[in-house]
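As structure tokens, the structure follows; a few thoughts come after it.
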Amino acid sequence: MLIAGNWKMNTDVSSCVELARGVVRESKNAGMVRVTVCPPNVFLSSVGAVLDGTRVSLGAQNMHALGRGAYTGEVSGEMLRSLGCHHVILGHSERRQYFRETDAEINRKAKKALKLGLVPIVCVGENLDQRRAGKEFEVVAFQVKYALEDLALLSSNALIIAYEPVWAIGTGETATPAQAQHMHALIRTLVRQQFGSKIGNDLHILYGGSMKPANARDLLSERDVDGGLIGGASLQSDVFGQIIQAAREVEEGRRAAGAD
Ligand code: PGA
């Protein structure tokens, strides 16, 4: 299980550090659950210093596909690596929607991230109109296909996919566990087809979209849900900590069931 916090464009330098300290505290009893936080780029260094030597890893929210050059305002994967980032969120629906990111661009970024040893968290998900039209599987299958096209994936740990139905992000509305499971199973099938069953079976597929303590356990209990990408509920460390605990309990339940 992986629980990732996406802090988006929130916090300032002191509240960011405070939040990171809180997450470190909350992660002390995370068991086998891996925890990562993705602060705004300008705070990566400060948060990285807090996380150093702890079990919480550092992630970024986006990157450019190229290493360097005249791209005012952009940040490269190399820069993220040099700050100690392990993960980078790519293709978040807010990037697709407000910054017109395309699947082709996301694909270029994912290839670059893999080359650098940064683990991309590739986000996919349908919007409300697409779901109402019954096109959610088609839309997500398309996004997965193009975002992952020609990716050289050697291990299931090198990539993470997050299913984030756009209608559930920041709205308080959540996919039902059954809706999430249905989509995660489809994504896993696509990954198996492309990368083989070993990688397909082991790849982490996170759910994102208004995950909170009240619904985390049910969502995380679904067979193909391997963690969460959490926005709003990651901005308070104690609330985030409750989600980490829910993940821990589900994970321990799975392991106990597997040992029977
Ligand atoms: P939310 O955001 O938890 O606030 O819905 C999730 C995300 O956008 O990653």
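By convention here, the chains of the structure tokens are called A, B, ... in the order presented, each chain's residues are numbered starting at 1, and ligands are numbered starting at 1 in the order presented.
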Handout entry: stretch 23-250 of chain A: residues DSSP assigns to strand (DSSP E or B), reported as a ChimeraX atom specification
Key = /A:34-38,56-60,64,76,87-90,119-124,160-163,204-208,227-230
Written selection (C-alpha atoms) as a PDB file, in the first residue's frame:
```
ATOM      1  CA  ARG A  34       4.606   3.515   2.322  1.00  0.00           C
ATOM      2  CA  VAL A  35       3.942   7.218   2.684  1.00  0.00           C
ATOM      3  CA  THR A  36       4.890  10.011   0.327  1.00  0.00           C
ATOM      4  CA  VAL A  37       4.121  13.717   0.198  1.00  0.00           C
ATOM      5  CA  CYS A  38       4.146  16.028  -2.808  1.00  0.00           C
ATOM      6  CA  VAL A  56       8.281   9.346   4.386  1.00  0.00           C
ATOM      7  CA  SER A  57       9.438   9.952   0.828  1.00  0.00           C
ATOM      8  CA  LEU A  58       9.379  13.114  -1.216  1.00  0.00           C
ATOM      9  CA  GLY A  59       7.443  13.614  -4.444  1.00  0.00           C
ATOM     10  CA  ALA A  60       6.716  16.449  -6.848  1.00  0.00           C
ATOM     11  CA  HIS A  64       8.973  19.143 -17.682  1.00  0.00           C
ATOM     12  CA  SER A  76      13.027  19.403 -14.841  1.00  0.00           C
ATOM     13  CA  HIS A  87       8.061  10.281  -7.086  1.00  0.00           C
ATOM     14  CA  VAL A  88       6.499  12.716  -9.486  1.00  0.00           C
ATOM     15  CA  ILE A  89       2.792  13.066 -10.182  1.00  0.00           C
ATOM     16  CA  LEU A  90       2.165  13.274 -13.933  1.00  0.00           C
ATOM     17  CA  VAL A 119       8.696   6.979 -10.067  1.00  0.00           C
ATOM     18  CA  PRO A 120       5.886   8.588 -12.051  1.00  0.00           C
ATOM     19  CA  ILE A 121       2.420   8.559 -10.519  1.00  0.00           C
ATOM     20  CA  VAL A 122       0.437   8.741 -13.752  1.00  0.00           C
ATOM     21  CA  CYS A 123      -3.096  10.028 -13.199  1.00  0.00           C
ATOM     22  CA  VAL A 124      -6.052   8.986 -15.299  1.00  0.00           C
ATOM     23  CA  ILE A 160       2.362   3.931 -10.232  1.00  0.00           C
ATOM     24  CA  ILE A 161      -1.020   4.673 -11.744  1.00  0.00           C
ATOM     25  CA  ALA A 162      -3.661   6.733  -9.953  1.00  0.00           C
ATOM     26  CA  TYR A 163      -7.296   6.447 -10.956  1.00  0.00           C
ATOM     27  CA  HIS A 204       0.394  -0.115  -7.477  1.00  0.00           C
ATOM     28  CA  ILE A 205      -2.876   1.436  -8.616  1.00  0.00           C
ATOM     29  CA  LEU A 206      -3.997   4.234  -6.313  1.00  0.00           C
ATOM     30  CA  TYR A 207      -7.461   5.695  -5.970  1.00  0.00           C
ATOM     31  CA  GLY A 208      -7.831   9.467  -5.707  1.00  0.00           C
ATOM     32  CA  GLY A 227      -3.397   2.934  -1.924  1.00  0.00           C
ATOM     33  CA  GLY A 228      -4.603   6.493  -2.253  1.00  0.00           C
ATOM     34  CA  LEU A 229      -3.614   9.820  -3.758  1.00  0.00           C
ATOM     35  CA  ILE A 230      -5.067  12.322  -1.371  1.00  0.00           C
TER      36      ILE A 230
END
```
Problem - Residues near stretch 24-28 of chain A, cut-off 9 Å, only C-alpha atoms, skip fewer than 2 positions along chain, as a PyMOL selection string - result: chain A and resi 19-22+30-31+33-35+50-51+54-56+237-238+240-242+244-245
Practice task
Would you list the residues that come within 8 Å of ligand 1? Count only C-alpha atoms and all ligand atoms and give the answer as number ranges by chain.
Solution key: A: 5-6, 8, 92-94, 164, 168-172, 208-212, 229-234
Handout entry: DSSP alpha helix (DSSP H) residues within stretch 24-109 of chain A, listed as a ChimeraX atom specification
Key = /A:24-26,44-51,77-82,93-98,103-109
Handout entry: Long-range neighbours of stretch 184-196 of chain A as a PyMOL selection string, 12 Å cut-off, only C-alpha atoms, 3 positions minimum in chain
Key = chain A and resi 122-125+136-156+159-165+175+177-181+199-208+219-220+222-227
Practice task
Could you give me, as a PyMOL selection string, the residues within 10 Å of stretch 12-18 of chain A, counting only C-alpha atoms and dropping anything in the same chain fewer than 4 positions from it?
Solution key: chain A and resi 7+22-24+39-40+42-51+235-237
Output file for the selection above: N, CA and C atoms, as a compact mmCIF listing (two decimals), in the first residue's frame:
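Output saved as result08.txt:
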```
# COMPACT_ATOMS: atom_id res chain seq x y z
N TRP A 7 -0.30 18.03 -2.09
CA TRP A 7 -0.62 19.28 -1.39
C TRP A 7 -1.04 20.39 -2.35
N GLY A 22 4.36 16.82 10.90
CA GLY A 22 3.18 16.08 11.35
C GLY A 22 3.05 14.75 10.62
N VAL A 23 3.32 14.75 9.33
CA VAL A 23 3.21 13.50 8.56
C VAL A 23 4.27 12.49 9.02
N VAL A 24 5.46 12.99 9.32
CA VAL A 24 6.51 12.10 9.82
C VAL A 24 6.04 11.44 11.12
N PRO A 39 4.77 18.23 -1.98
CA PRO A 39 4.55 19.66 -1.71
C PRO A 39 4.74 20.48 -2.98
N PRO A 40 4.41 21.76 -2.93
CA PRO A 40 4.73 22.63 -4.06
C PRO A 40 6.24 22.64 -4.28
N VAL A 42 8.48 24.86 -4.75
CA VAL A 42 9.33 25.81 -4.02
C VAL A 42 9.63 25.36 -2.59
N PHE A 43 8.87 24.40 -2.09
CA PHE A 43 9.10 23.94 -0.72
C PHE A 43 9.74 22.54 -0.67
N LEU A 44 10.11 22.01 -1.82
CA LEU A 44 10.66 20.65 -1.85
C LEU A 44 11.91 20.53 -0.96
N SER A 45 12.75 21.55 -1.04
CA SER A 45 13.99 21.50 -0.25
C SER A 45 13.70 21.48 1.24
N SER A 46 12.85 22.41 1.67
CA SER A 46 12.55 22.50 3.11
C SER A 46 11.88 21.23 3.59
N VAL A 47 10.94 20.72 2.80
CA VAL A 47 10.25 19.49 3.23
C VAL A 47 11.22 18.32 3.17
N GLY A 48 12.07 18.28 2.14
CA GLY A 48 13.07 17.22 2.02
C GLY A 48 13.95 17.15 3.26
N ALA A 49 14.30 18.31 3.80
CA ALA A 49 15.15 18.32 5.00
C ALA A 49 14.42 17.70 6.19
N VAL A 50 13.12 17.94 6.27
CA VAL A 50 12.33 17.34 7.37
C VAL A 50 12.22 15.82 7.19
N LEU A 51 12.10 15.39 5.94
CA LEU A 51 11.87 13.96 5.67
C LEU A 51 13.16 13.14 5.70
N LEU A 235 -3.94 17.68 3.91
CA LEU A 235 -3.45 18.99 4.38
C LEU A 235 -3.49 19.13 5.90
N GLN A 236 -4.05 18.13 6.57
CA GLN A 236 -3.99 18.10 8.04
C GLN A 236 -3.36 16.77 8.41
N SER A 237 -2.24 16.82 9.11
CA SER A 237 -1.49 15.58 9.31
C SER A 237 -2.28 14.55 10.10
```
Completion exercise
Shortest contact to A:Arg248, candidates A:Ala133, A:Met79, A:Met32, A:Ala4, atoms counted only C-alpha atoms, goes to A:Met32
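Reported to one decimal place, the separation of atom CA of A:Leu83 from atom CA of A:Gly69 is 18.6 Å.
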